[in-house]
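Structure data (PDB, C-alpha atoms) from target36.pdb:
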ATOM      1  CA  MET A   1       6.555 -11.736 -47.911
ATOM      2  CA  LYS A   2       9.054 -11.168 -45.170
ATOM      3  CA  LYS A   3       7.260  -8.069 -43.971
ATOM      4  CA  SER A   4       3.941  -9.833 -43.520
ATOM      5  CA  SER A   5       5.527 -12.742 -41.647
ATOM      6  CA  SER A   6       7.360 -10.397 -39.315
ATOM      7  CA  LEU A   7       4.136  -8.503 -38.720
ATOM      8  CA  ASP A   8       2.441 -11.809 -37.976
ATOM      9  CA  ALA A   9       5.144 -12.678 -35.492
ATOM     10  CA  LEU A  10       4.779  -9.267 -33.899
ATOM     11  CA  ALA A  11       1.021  -9.690 -33.637
ATOM     12  CA  ARG A  12       1.423 -13.155 -32.194
ATOM     13  CA  SER A  13       3.934 -12.001 -29.599
ATOM     14  CA  ARG A  14       1.687  -9.116 -28.650
ATOM     15  CA  ARG A  15      -1.258 -11.447 -28.266
ATOM     16  CA  SER A  16       0.744 -13.805 -26.069
ATOM     17  CA  LYS A  17       1.913 -10.825 -24.028
ATOM     18  CA  LYS A  18      -1.703  -9.852 -23.624
ATOM     19  CA  TRP A  19      -2.536 -13.286 -22.249
ATOM     20  CA  VAL A  20       0.434 -13.158 -19.890
ATOM     21  CA  LEU A  21      -0.725  -9.808 -18.554
ATOM     22  CA  LEU A  22      -4.239 -11.139 -18.143
ATOM     23  CA  THR A  23      -3.030 -14.213 -16.268
ATOM     24  CA  VAL A  24      -0.949 -12.134 -13.893
ATOM     25  CA  ARG A  25      -3.928  -9.907 -13.300
ATOM     26  CA  VAL A  26      -6.133 -12.886 -12.510
ATOM     27  CA  ILE A  27      -3.581 -14.170 -10.013
ATOM     28  CA  ALA A  28      -3.331 -10.732  -8.413
ATOM     29  CA  PHE A  29      -7.106 -10.592  -8.175
ATOM     30  CA  LEU A  30      -7.123 -13.988  -6.474
ATOM     31  CA  ALA A  31      -4.453 -12.855  -4.038
ATOM     32  CA  THR A  32      -6.263  -9.719  -2.932
ATOM     33  CA  ALA A  33      -9.614 -11.503  -2.820
ATOM     34  CA  THR A  34      -8.085 -14.202  -0.631
ATOM     35  CA  ALA A  35      -6.656 -11.595   1.697
ATOM     36  CA  THR A  36     -10.035  -9.892   1.985
ATOM     37  CA  LEU A  37     -11.939 -13.084   2.672
ATOM     38  CA  VAL A  38      -9.469 -14.570   5.116
ATOM     39  CA  MET A  39      -9.334 -11.415   7.183
ATOM     40  CA  ALA A  40     -13.072 -10.825   6.994
ATOM     41  CA  LEU A  41     -13.842 -14.281   8.315
ATOM     42  CA  ASN A  42     -11.227 -14.020  11.008
ATOM     43  CA  LYS A  43     -12.935 -14.733  14.284
ATOM     44  CA  GLU A  44     -12.000 -16.712  17.315
ATOM     45  CA  THR A  45     -13.856 -17.303  20.506
ATOM     46  CA  LYS A  46     -12.100 -18.470  23.601
ATOM     47  CA  THR A  47     -13.203 -19.125  27.101
ATOM     48  CA  LEU A  48     -10.711 -18.071  29.690
ATOM     49  CA  VAL A  49     -10.668 -18.699  33.366
ATOM     50  CA  VAL A  50     -10.332 -15.355  35.024
ATOM     51  CA  ALA A  51     -10.547 -16.013  38.706
ATOM     52  CA  MET A  52     -11.442 -18.631  41.213
ATOM     53  CA  VAL A  53     -14.173 -18.017  43.717
ATOM     54  CA  GLY A  54     -14.004 -20.742  46.240
ATOM     55  CA  SER A  55     -13.753 -23.782  44.045
ATOM     56  CA  THR A  56     -15.771 -22.675  41.031
ATOM     57  CA  PRO A  57     -13.775 -20.986  38.287
ATOM     58  CA  ILE A  58     -15.255 -17.869  36.726
ATOM     59  CA  LYS A  59     -15.128 -18.228  32.996
ATOM     60  CA  VAL A  60     -15.096 -15.323  30.613
ATOM     61  CA  THR A  61     -15.761 -15.764  26.946
ATOM     62  CA  LEU A  62     -13.696 -13.468  24.806
ATOM     63  CA  THR A  63     -14.037 -13.038  21.095
ATOM     64  CA  ALA A  64     -11.379 -11.759  18.790
ATOM     65  CA  LYS A  65     -12.925 -10.275  15.699
ATOM     66  CA  PHE A  66     -11.292  -8.268  12.991
ATOM     67  CA  GLN A  67     -13.726  -5.418  13.544
ATOM     68  CA  HIS A  68     -12.135  -4.644  16.875
ATOM     69  CA  THR A  69      -9.128  -3.085  15.189
ATOM     70  CA  PRO A  70      -9.608  -0.180  12.770
ATOM     71  CA  ALA A  71      -6.387  -1.148  10.989
ATOM     72  CA  PHE A  72      -7.836  -4.516  10.053
ATOM     73  CA  VAL A  73     -11.106  -2.948   8.972
ATOM     74  CA  PHE A  74      -9.113  -0.676   6.665
ATOM     75  CA  PHE A  75      -7.184  -3.717   5.463
ATOM     76  CA  VAL A  76     -10.381  -5.563   4.533
ATOM     77  CA  ILE A  77     -11.881  -2.547   2.790
ATOM     78  CA  ALA A  78      -8.678  -1.704   0.900
ATOM     79  CA  ASN A  79      -8.172  -5.248  -0.340
ATOM     80  CA  GLY A  80     -11.838  -5.500  -1.258
ATOM     81  CA  MET A  81     -11.617  -2.368  -3.364
ATOM     82  CA  ALA A  82      -8.395  -3.541  -4.981
ATOM     83  CA  SER A  83      -9.997  -6.896  -5.870
ATOM     84  CA  PHE A  84     -12.956  -5.060  -7.349
ATOM     85  CA  HIS A  85     -10.631  -2.869  -9.386
ATOM     86  CA  ASN A  86      -8.775  -5.948 -10.646
ATOM     87  CA  LEU A  87     -12.053  -7.554 -11.622
ATOM     88  CA  MET A  88     -13.091  -4.436 -13.521
ATOM     89  CA  MET A  89      -9.784  -4.345 -15.382
ATOM     90  CA  ILE A  90     -10.099  -8.015 -16.310
ATOM     91  CA  MET A  91     -13.607  -7.441 -17.646
ATOM     92  CA  VAL A  92     -12.434  -4.445 -19.623
ATOM     93  CA  GLU A  93      -9.571  -6.391 -21.149
ATOM     94  CA  LEU A  94     -11.738  -9.317 -22.083
ATOM     95  CA  PHE A  95     -14.796  -7.499 -23.339
ATOM     96  CA  GLY A  96     -13.629  -3.969 -23.914
ATOM     97  CA  GLN A  97     -12.581  -4.210 -27.527
ATOM     98  CA  LYS A  98     -15.791  -2.553 -28.601
ATOM     99  CA  LEU A  99     -15.277   0.588 -26.600
ATOM    100  CA  ASP A 100     -11.906   1.221 -28.177
ATOM    101  CA  TYR A 101     -12.287   4.963 -27.932
ATOM    102  CA  LYS A 102      -8.706   5.963 -28.628
ATOM    103  CA  GLY A 103      -7.315   2.582 -27.616
ATOM    104  CA  LEU A 104      -4.363   4.307 -26.026
ATOM    105  CA  ARG A 105      -6.526   6.065 -23.475
ATOM    106  CA  LEU A 106      -7.663   2.690 -22.201
ATOM    107  CA  ALA A 107      -4.114   1.720 -21.322
ATOM    108  CA  MET A 108      -3.575   5.131 -19.795
ATOM    109  CA  ILE A 109      -6.588   4.779 -17.513
ATOM    110  CA  ALA A 110      -5.463   1.292 -16.575
ATOM    111  CA  ILE A 111      -2.086   2.609 -15.535
ATOM    112  CA  LEU A 112      -3.411   5.473 -13.493
ATOM    113  CA  ASP A 113      -5.866   3.181 -11.761
ATOM    114  CA  MET A 114      -3.127   0.760 -10.974
ATOM    115  CA  VAL A 115      -0.936   3.458  -9.564
ATOM    116  CA  THR A 116      -3.730   4.650  -7.313
ATOM    117  CA  SER A 117      -4.980   1.243  -6.316
ATOM    118  CA  THR A 118      -1.581  -0.355  -5.818
ATOM    119  CA  VAL A 119       0.341   2.511  -4.362
ATOM    120  CA  ALA A 120      -2.247   3.874  -2.008
ATOM    121  CA  LEU A 121      -4.706   1.166  -1.125
ATOM    122  CA  ILE A 122      -2.899  -2.123  -0.937
ATOM    123  CA  SER A 123       0.369  -0.814   0.448
ATOM    124  CA  GLY A 124      -1.403   1.267   3.081
ATOM    125  CA  GLY A 125      -3.668  -1.559   4.123
ATOM    126  CA  ALA A 126      -0.944  -4.181   4.274
ATOM    127  CA  SER A 127       1.401  -1.911   6.198
ATOM    128  CA  ALA A 128      -1.162  -0.873   8.817
ATOM    129  CA  ALA A 129      -2.260  -4.462   9.343
ATOM    130  CA  THR A 130       1.338  -5.667   9.608
ATOM    131  CA  PHE A 131       2.249  -3.238  12.347
ATOM    132  CA  MET A 132      -0.949  -3.840  14.291
ATOM    133  CA  ALA A 133      -0.256  -7.561  14.067
ATOM    134  CA  GLU A 134       3.279  -6.922  15.299
ATOM    135  CA  VAL A 135       1.925  -5.147  18.365
ATOM    136  CA  GLY A 136      -0.482  -8.010  18.922
ATOM    137  CA  LYS A 137       2.283 -10.548  18.630
ATOM    138  CA  ASN A 138       5.010  -8.925  20.652
ATOM    139  CA  GLY A 139       3.097  -6.550  22.858
ATOM    140  CA  ASN A 140       4.585  -3.231  23.808
ATOM    141  CA  SER A 141       6.218  -3.078  27.201
ATOM    142  CA  HIS A 142       6.485   0.710  27.261
ATOM    143  CA  ALA A 143       2.785   1.161  26.790
ATOM    144  CA  ARG A 144       1.781  -1.825  28.887
ATOM    145  CA  TRP A 145       0.071  -3.505  25.975
ATOM    146  CA  ASN A 146       0.017  -7.248  26.434
ATOM    147  CA  LYS A 147       0.449  -9.566  23.545
ATOM    148  CA  ILE A 148      -2.642 -11.459  22.586
ATOM    149  CA  CYS A 149      -1.238 -13.966  20.130
ATOM    150  CA  ASP A 150      -0.437 -16.560  22.737
ATOM    151  CA  LYS A 151      -4.103 -16.840  23.650
ATOM    152  CA  PHE A 152      -5.653 -16.434  20.212
ATOM    153  CA  GLU A 153      -3.320 -18.442  18.027
ATOM    154  CA  THR A 154      -5.748 -19.222  15.220
ATOM    155  CA  TYR A 155      -6.752 -15.579  14.932
ATOM    156  CA  CYS A 156      -3.124 -14.525  14.645
ATOM    157  CA  ASP A 157      -2.306 -17.257  12.154
ATOM    158  CA  ARG A 158      -5.178 -16.367   9.881
ATOM    159  CA  GLY A 159      -4.320 -12.691  10.086
ATOM    160  CA  GLY A 160      -0.766 -13.522   9.097
ATOM    161  CA  VAL A 161      -1.963 -15.519   6.083
ATOM    162  CA  ALA A 162      -4.164 -12.627   4.981
ATOM    163  CA  ILE A 163      -1.281 -10.164   5.238
ATOM    164  CA  ILE A 164       1.032 -12.456   3.252
ATOM    165  CA  ALA A 165      -1.620 -12.868   0.543
ATOM    166  CA  SER A 166      -2.058  -9.117   0.358
ATOM    167  CA  SER A 167       1.699  -8.566   0.046
ATOM    168  CA  ALA A 168       1.846 -11.116  -2.763
ATOM    169  CA  GLY A 169      -0.993  -9.237  -4.449
ATOM    170  CA  LEU A 170       0.956  -6.009  -4.038
ATOM    171  CA  ILE A 171       4.044  -7.434  -5.742
ATOM    172  CA  LEU A 172       1.906  -8.797  -8.572
ATOM    173  CA  MET A 173       0.218  -5.433  -9.037
ATOM    174  CA  LEU A 174       3.630  -3.805  -9.291
ATOM    175  CA  ILE A 175       4.591  -6.305 -11.988
ATOM    176  CA  ILE A 176       1.339  -5.543 -13.804
ATOM    177  CA  THR A 177       2.071  -1.827 -13.652
ATOM    178  CA  ALA A 178       5.562  -2.336 -15.045
ATOM    179  CA  MET A 179       4.263  -4.549 -17.865
ATOM    180  CA  SER A 180       1.561  -2.053 -18.759
ATOM    181  CA  ILE A 181       4.036   0.793 -18.877
ATOM    182  CA  PHE A 182       6.278  -1.227 -21.190
ATOM    183  CA  LYS A 183       3.282  -1.990 -23.351
ATOM    184  CA  LEU A 184       2.496   1.707 -23.531
ATOM    185  CA  LEU A 185       6.073   2.602 -24.376
ATOM    186  CA  ASN A 186       6.218   0.122 -27.249
ATOM    187  CA  LYS A 187       2.929   1.133 -28.818
ATOM    188  CA  PRO A 188       4.062   4.043 -31.024
ATOM    189  CA  ASN A 189       6.347   1.721 -32.979
ATOM    190  CA  SER A 190       3.715  -0.821 -33.995
ATOM    191  CA  VAL A 191       0.264  -0.953 -35.470
ATOM    192  CA  SER A 192      -2.594  -0.607 -33.084
ATOM    193  CA  SER A 193      -3.637  -3.874 -31.508
TER     194      SER A 193
ATOM    195  CA  MET B   1       9.885  19.958 -11.935
ATOM    196  CA  ALA B   2      11.735  21.905  -9.341
ATOM    197  CA  THR B   3       8.831  22.114  -6.961
ATOM    198  CA  SER B   4       9.371  22.441  -3.284
ATOM    199  CA  HIS B   5       9.093  19.342  -1.170
ATOM    200  CA  GLU B   6       8.013  19.105   2.387
ATOM    201  CA  LYS B   7       8.830  16.226   4.614
ATOM    202  CA  GLY B   8       8.256  15.504   8.229
ATOM    203  CA  THR B   9      10.597  13.603  10.472
ATOM    204  CA  PHE B  10      10.314  13.533  14.161
ATOM    205  CA  PHE B  11      12.499  12.664  17.074
ATOM    206  CA  ALA B  12      10.030  12.927  19.909
ATOM    207  CA  LEU B  13      11.884  12.536  23.135
ATOM    208  CA  SER B  14      10.503  12.730  26.579
ATOM    209  CA  TYR B  15      11.310  11.032  29.780
ATOM    210  CA  GLU B  16       8.783   8.350  29.358
ATOM    211  CA  ALA B  17       8.151   7.838  25.706
ATOM    212  CA  LYS B  18      10.521   7.787  22.767
ATOM    213  CA  TYR B  19       9.678   7.346  19.152
ATOM    214  CA  SER B  20      11.717   4.155  19.120
ATOM    215  CA  ASP B  21       9.280   2.419  21.448
ATOM    216  CA  THR B  22       7.224   1.256  18.529
ATOM    217  CA  PRO B  23       8.619  -0.271  15.343
ATOM    218  CA  ALA B  24       5.897   1.580  13.453
ATOM    219  CA  PHE B  25       7.282   4.967  14.467
ATOM    220  CA  LYS B  26      10.824   3.829  13.756
ATOM    221  CA  PHE B  27       9.699   2.823  10.272
ATOM    222  CA  PHE B  28       8.021   6.208   9.860
ATOM    223  CA  VAL B  29      11.183   8.099  10.813
ATOM    224  CA  ILE B  30      13.449   6.004   8.605
ATOM    225  CA  ALA B  31      11.111   6.181   5.604
ATOM    226  CA  ASN B  32      10.730   9.934   5.836
ATOM    227  CA  ALA B  33      14.465  10.407   6.297
ATOM    228  CA  ILE B  34      15.192   8.376   3.162
ATOM    229  CA  VAL B  35      12.653  10.324   1.157
ATOM    230  CA  THR B  36      14.034  13.625   2.430
ATOM    231  CA  VAL B  37      17.527  12.760   1.268
ATOM    232  CA  TYR B  38      16.201  11.550  -2.088
ATOM    233  CA  ALA B  39      14.134  14.692  -2.660
ATOM    234  CA  PHE B  40      17.083  16.875  -1.777
ATOM    235  CA  LEU B  41      19.274  15.064  -4.291
ATOM    236  CA  VAL B  42      16.625  15.255  -7.006
ATOM    237  CA  LEU B  43      16.531  19.028  -6.705
ATOM    238  CA  PHE B  44      20.025  19.140  -8.126
ATOM    239  CA  ILE B  45      19.446  17.115 -11.283
ATOM    240  CA  PRO B  46      19.625  19.454 -14.287
ATOM    241  CA  SER B  47      16.595  19.423 -16.532
ATOM    242  CA  GLU B  48      16.761  17.564 -19.854
ATOM    243  CA  SER B  49      18.924  14.948 -18.209
ATOM    244  CA  GLN B  50      18.352  11.273 -18.961
ATOM    245  CA  LEU B  51      17.819  10.584 -15.289
ATOM    246  CA  TRP B  52      14.237  11.861 -15.204
ATOM    247  CA  GLY B  53      12.902   8.452 -16.263
ATOM    248  CA  LEU B  54      14.609   6.897 -13.271
ATOM    249  CA  VAL B  55      13.260   9.723 -11.112
ATOM    250  CA  LEU B  56       9.747   8.853 -12.241
ATOM    251  CA  ALA B  57      10.134   5.204 -11.246
ATOM    252  CA  LEU B  58      11.739   6.113  -7.941
ATOM    253  CA  ASP B  59       8.961   8.622  -7.289
ATOM    254  CA  LEU B  60       6.440   5.818  -7.528
ATOM    255  CA  VAL B  61       8.422   3.607  -5.171
ATOM    256  CA  PHE B  62       8.962   6.351  -2.634
ATOM    257  CA  THR B  63       5.347   7.454  -2.696
ATOM    258  CA  MET B  64       4.411   3.885  -1.861
ATOM    259  CA  LEU B  65       6.957   3.865   0.946
ATOM    260  CA  LEU B  66       5.610   7.110   2.364
ATOM    261  CA  ILE B  67       2.011   5.933   2.239
ATOM    262  CA  SER B  68       2.757   2.660   3.942
ATOM    263  CA  SER B  69       4.842   4.352   6.631
ATOM    264  CA  ILE B  70       2.182   6.886   7.534
ATOM    265  CA  SER B  71      -0.480   4.191   7.446
ATOM    266  CA  ALA B  72       1.476   2.106   9.947
ATOM    267  CA  ALA B  73       2.216   5.061  12.212
ATOM    268  CA  LEU B  74      -1.421   6.137  12.123
ATOM    269  CA  ALA B  75      -2.601   2.643  13.049
ATOM    270  CA  VAL B  76      -0.391   2.455  16.117
ATOM    271  CA  ALA B  77      -1.018   6.075  17.107
ATOM    272  CA  GLN B  78      -4.749   5.448  16.947
ATOM    273  CA  VAL B  79      -4.409   2.600  19.415
ATOM    274  CA  GLY B  80      -2.288   4.825  21.618
ATOM    275  CA  LYS B  81      -4.937   7.489  21.619
ATOM    276  CA  LYS B  82      -8.114   5.489  21.925
ATOM    277  CA  GLY B  83      -6.871   2.188  23.256
ATOM    278  CA  ASN B  84      -8.403  -1.106  22.291
ATOM    279  CA  SER B  85     -10.878  -2.344  24.847
ATOM    280  CA  SER B  86     -11.219  -5.781  23.319
ATOM    281  CA  ALA B  87      -7.529  -6.464  23.664
ATOM    282  CA  GLY B  88      -7.099  -4.848  27.036
ATOM    283  CA  TRP B  89      -4.867  -2.090  25.713
ATOM    284  CA  LEU B  90      -5.235   1.198  27.532
ATOM    285  CA  PRO B  91      -4.730   4.520  25.791
ATOM    286  CA  VAL B  92      -1.370   6.037  26.548
ATOM    287  CA  CYS B  93      -1.995   9.630  25.541
ATOM    288  CA  GLY B  94      -3.249  10.623  28.927
ATOM    289  CA  GLN B  95       0.109  10.068  30.537
ATOM    290  CA  VAL B  96       2.415  11.457  27.864
ATOM    291  CA  THR B  97       0.472  14.367  26.416
ATOM    292  CA  LYS B  98       3.430  16.250  24.976
ATOM    293  CA  TYR B  99       4.633  13.118  23.197
ATOM    294  CA  CYS B 100       1.201  12.577  21.731
ATOM    295  CA  ASN B 101       0.985  16.145  20.480
ATOM    296  CA  GLN B 102       4.362  15.944  18.831
ATOM    297  CA  VAL B 103       3.472  12.648  17.184
ATOM    298  CA  THR B 104       0.258  14.189  15.896
ATOM    299  CA  GLY B 105       2.213  17.101  14.445
ATOM    300  CA  ALA B 106       4.629  14.738  12.738
ATOM    301  CA  LEU B 107       1.771  12.705  11.263
ATOM    302  CA  VAL B 108       0.146  15.856   9.890
ATOM    303  CA  ALA B 109       3.438  16.870   8.282
ATOM    304  CA  GLY B 110       3.752  13.390   6.811
ATOM    305  CA  PHE B 111       0.267  13.658   5.399
ATOM    306  CA  ILE B 112       1.063  16.942   3.706
ATOM    307  CA  ALA B 113       4.214  15.327   2.311
ATOM    308  CA  ILE B 114       2.168  12.496   0.851
ATOM    309  CA  ILE B 115      -0.303  14.808  -0.828
ATOM    310  CA  THR B 116       2.568  16.812  -2.288
ATOM    311  CA  TYR B 117       4.183  13.632  -3.529
ATOM    312  CA  ILE B 118       1.023  12.328  -5.144
ATOM    313  CA  ILE B 119       0.579  15.592  -7.024
ATOM    314  CA  LEU B 120       4.223  15.400  -8.052
ATOM    315  CA  LEU B 121       3.819  11.807  -9.195
ATOM    316  CA  LEU B 122       0.755  12.584 -11.299
ATOM    317  CA  TYR B 123       2.532  15.548 -12.842
ATOM    318  CA  SER B 124       5.603  13.421 -13.607
ATOM    319  CA  ILE B 125       3.511  10.735 -15.258
ATOM    320  CA  TYR B 126       1.643  13.346 -17.285
ATOM    321  CA  THR B 127       4.849  15.006 -18.442
ATOM    322  CA  PHE B 128       6.631  11.771 -19.200
ATOM    323  CA  LEU B 129       3.863   9.968 -21.021
ATOM    324  CA  ASN B 130       2.258  12.862 -22.843
ATOM    325  CA  PRO B 131       4.814  13.131 -25.658
ATOM    326  CA  LEU B 132       4.390   9.413 -26.288
ATOM    327  CA  LEU B 133       0.615   9.587 -26.411
ATOM    328  CA  GLY B 134       0.441  12.804 -28.383
ATOM    329  CA  LYS B 135       1.502  11.072 -31.593
ATOM    330  CA  ASN B 136      -1.268   8.503 -31.610
ATOM    331  CA  GLY B 137      -3.952  10.401 -29.727
TER     332      GLY B 137
END
I'd like the structure from this file rewritten - as structure tokens, please.
Amino acid sequence: MKKSSSLDALARSRRSKKWVLLTVRVIAFLATATATLVMALNKETKTLVVAMVGSTPIKVTLTAKFQHTPAFVFFVIANGMASFHNLMMIMVELFGQKLDYKGLRLAMIAILDMVTSTVALISGGASAATFMAEVGKNGNSHARWNKICDKFETYCDRGGVAIIASSAGLILMLIITAMSIFKLLNKPNSVSS
Amino acid sequence: MATSHEKGTFFALSYEAKYSDTPAFKFFVIANAIVTVYAFLVLFIPSESQLWGLVLALDLVFTMLLISSISAALAVAQVGKKGNSSAGWLPVCGQVTKYCNQVTGALVAGFIAIITYIILLLYSIYTFLNPLLGKNG
């Protein structure tokens, strides 16, 4: 009697842990998807007065798009791929009980994918975008690069939001990786779920 | 696990350009220095010690650090080499060629370090998790 109730409790706790993991993954997916979208739609057009000829000002229309900077292009692509990977993992967790080919291998693939996706993609993308944004915000006096954030404030603000969202996604992916590794470590002691 | 590590740090100095001009390069130097010290210390851990689990976790963290540092340095170096016409930033490599070459060399070394580290990380994960999966596989 006691054994079955303890097994029930174990199964219940494992099921609730599964839902917790799924929720965190959904939030991480939202974070990276937000970062992708915000940066991809980042565009600002501004008309600047460049010079005065006589009494008529010469206006120049400048556009700041994310495609101008390769670092931001990489950021968009990396976060897009990470969101796609998150979506795939969510689908697999929700509907993948049928293809339970050595259920342990599934968790193993999930971990390796997370290591690749988190470690390489998101961290690389967020870091490159952060430093490019830093150059845009503060300029670089040694290289005579002027800062552009004082003229294109909305562009800079949106870029900052995208980078923050991506960093939040990175932290969440790290938490997911840790939880999955703990799940893997505890599997040999319990019945397969 | 006593494979050889290879790291790249650089202290490019010239009259006009130092590595500390850009925070990205400073980050690159600091990150690689930290990882160098860590790798050196790991070489001395005797095998069959309990610390290898911690080494695995730290390997993951440091690989991430390395990747983000080289990504940042590459982004800024790319602007330095090609400029950014939309922002009015001129390429700097024409004036400080030796600096640019040294930075390129350091980035290549960092890239090799990252590839080595990824292989090391995969091998560590395989070694650490295989005994656990072998029972139920």
What residues in chain B have any atom no more than 9 Å from chain A when counting all atoms listed in the file, and can you write them as a count of residues only? 41
Could you tell me how far atom CA of B:Ser124 lies from atom CA of B:Ala57, in Å and to one decimal? 9.7 Å
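Across the model, the gap from atom CA of A:Leu48 to atom CA of A:Ile163 is 27.4 Å.
The shortest atom-to-atom distance to A:Ser83, with all atoms listed in the file taken into account, belongs to A:Leu30 out of A:Ile109, A:Cys156, A:Ala162, A:Leu30.
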Return as AutoDock Vina command-line options the centre and edge lengths, in Å with one decimal, of the box along x, y and z that encloses every atom of stretch 108-123 of chain A in the file, padded by 8 Å per side.
--center_x -3.1 --center_y 1.7 --center_z -9.7 --size_x 23.0 --size_y 23.6 --size_z 36.2
So what do you get for atom CA of B:Thr104 versus atom CA of A:Asn138, distance-wise?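 Atom CA of A:Asn138 lies at a distance of 24.1 Å from atom CA of B:Thr104.
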Nearest candidate to A:Leu106 (options A:Ser180, A:Ala133, A:Ala165, A:Ala31; using all atoms listed in the file):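 Once distances to A:Leu106 are computed over all atoms listed in the file, the minimum belongs to A:Ser180.
For B:Asn101, the non-local neighbours within 12 Å, defined as residues at least 2 positions apart in the same chain or in other chains and counting all atoms listed in the file, are B:Phe10, B:Ala12, B:Leu13, B:Ser14, B:Ala77, B:Gly80, B:Lys81, B:Cys93, B:Gly94, B:Gln95, B:Val96, B:Thr97, B:Lys98, B:Tyr99, B:Val103, B:Thr104, B:Gly105, B:Ala106, B:Leu107, B:Val108.
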Please determine, counting all atoms listed in the file, which residue among B:Leu121, B:Phe25, B:Ala33, B:Tyr126 has the shortest atom-to-atom distance to B:Leu56.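 Using all atoms listed in the file, the shortest distance to B:Leu56 belongs to B:Leu121.
Within 12 Å of the file-frame point (-13.8, -15.1, 7.8), and using all atoms listed in the file, the polymer residues found are Ala33, Thr34, Ala35, Thr36, Leu37, Val38, Met39, Ala40, Leu41, Asn42, Lys43, Glu44, Ala64, Lys65, Phe66, Gln67, Val76, Thr154, Tyr155, Arg158, Gly159, Val161 and Ala162 of chain A.
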Contacts of B:Leu41 at 12 Å (only C-alpha atoms; same-chain gap of 4+ positions) as a PyMOL selection string: chain B and resi 2+5+34-37+45-46+51+55
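Take the candidates B:Asn32, B:Thr127, B:Ser20, B:Gln50 and check each one against B:Ala113 using all atoms listed in the file; the shortest distance goes to B:Asn32.
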Report as a PyMOL selection string all protein, DNA and RNA residues lying within 8 Å of A:Thr47, evaluated on all atoms listed in the file, omitting residues in the same chain fewer than 4 positions from it. chain A and resi 59-62
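Of the listed residues A:Thr32, A:Thr177, A:Phe152, A:Ser16, the one whose atoms come nearest to A:Ala78 is A:Thr32, with distances taken using all atoms listed in the file.
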Near A:Met88, within 12 Å and counting all atoms listed in the file, which residues show up once chain neighbours fewer than 4 positions away are dropped, as a ChimeraX atom specification? /A:25-26,29,81-84,92-96,109-110,113-114
Start from the incomplete input, build N, CA and C atoms for stretch 27-39 of chain B, and deliver everything as a PDB file, in the frame of the given file.
ATOM      1  N   PHE B  27       9.867   2.946  11.716  1.00  0.00           N
ATOM      2  CA  PHE B  27       9.699   2.823  10.272  1.00  0.00           C
ATOM      3  C   PHE B  27       9.337   4.173   9.675  1.00  0.00           C
ATOM      4  N   PHE B  28       8.445   4.913  10.357  1.00  0.00           N
ATOM      5  CA  PHE B  28       8.021   6.208   9.860  1.00  0.00           C
ATOM      6  C   PHE B  28       9.211   7.158   9.767  1.00  0.00           C
ATOM      7  N   VAL B  29      10.033   7.189  10.814  1.00  0.00           N
ATOM      8  CA  VAL B  29      11.183   8.099  10.813  1.00  0.00           C
ATOM      9  C   VAL B  29      12.157   7.732   9.706  1.00  0.00           C
ATOM     10  N   ILE B  30      12.455   6.432   9.600  1.00  0.00           N
ATOM     11  CA  ILE B  30      13.449   6.004   8.605  1.00  0.00           C
ATOM     12  C   ILE B  30      12.939   6.293   7.196  1.00  0.00           C
ATOM     13  N   ALA B  31      11.659   5.968   6.947  1.00  0.00           N
ATOM     14  CA  ALA B  31      11.111   6.181   5.604  1.00  0.00           C
ATOM     15  C   ALA B  31      11.160   7.655   5.235  1.00  0.00           C
ATOM     16  N   ASN B  32      10.730   8.522   6.144  1.00  0.00           N
ATOM     17  CA  ASN B  32      10.730   9.934   5.836  1.00  0.00           C
ATOM     18  C   ASN B  32      12.139  10.474   5.671  1.00  0.00           C
ATOM     19  N   ALA B  33      13.090   9.949   6.453  1.00  0.00           N
ATOM     20  CA  ALA B  33      14.465  10.407   6.297  1.00  0.00           C
ATOM     21  C   ALA B  33      15.000  10.050   4.917  1.00  0.00           C
ATOM     22  N   ILE B  34      14.723   8.808   4.483  1.00  0.00           N
ATOM     23  CA  ILE B  34      15.192   8.376   3.162  1.00  0.00           C
ATOM     24  C   ILE B  34      14.606   9.265   2.081  1.00  0.00           C
ATOM     25  N   VAL B  35      13.292   9.530   2.194  1.00  0.00           N
ATOM     26  CA  VAL B  35      12.653  10.324   1.157  1.00  0.00           C
ATOM     27  C   VAL B  35      13.170  11.754   1.178  1.00  0.00           C
ATOM     28  N   THR B  36      13.485  12.276   2.361  1.00  0.00           N
ATOM     29  CA  THR B  36      14.034  13.625   2.430  1.00  0.00           C
ATOM     30  C   THR B  36      15.348  13.707   1.680  1.00  0.00           C
ATOM     31  N   VAL B  37      16.228  12.753   1.942  1.00  0.00           N
ATOM     32  CA  VAL B  37      17.527  12.760   1.268  1.00  0.00           C
ATOM     33  C   VAL B  37      17.338  12.648  -0.240  1.00  0.00           C
ATOM     34  N   TYR B  38      16.443  11.747  -0.656  1.00  0.00           N
ATOM     35  CA  TYR B  38      16.201  11.550  -2.088  1.00  0.00           C
ATOM     36  C   TYR B  38      15.675  12.827  -2.730  1.00  0.00           C
ATOM     37  N   ALA B  39      14.711  13.482  -2.078  1.00  0.00           N
ATOM     38  CA  ALA B  39      14.134  14.692  -2.660  1.00  0.00           C
ATOM     39  C   ALA B  39      15.180  15.790  -2.769  1.00  0.00           C
TER      40      ALA B  39
END
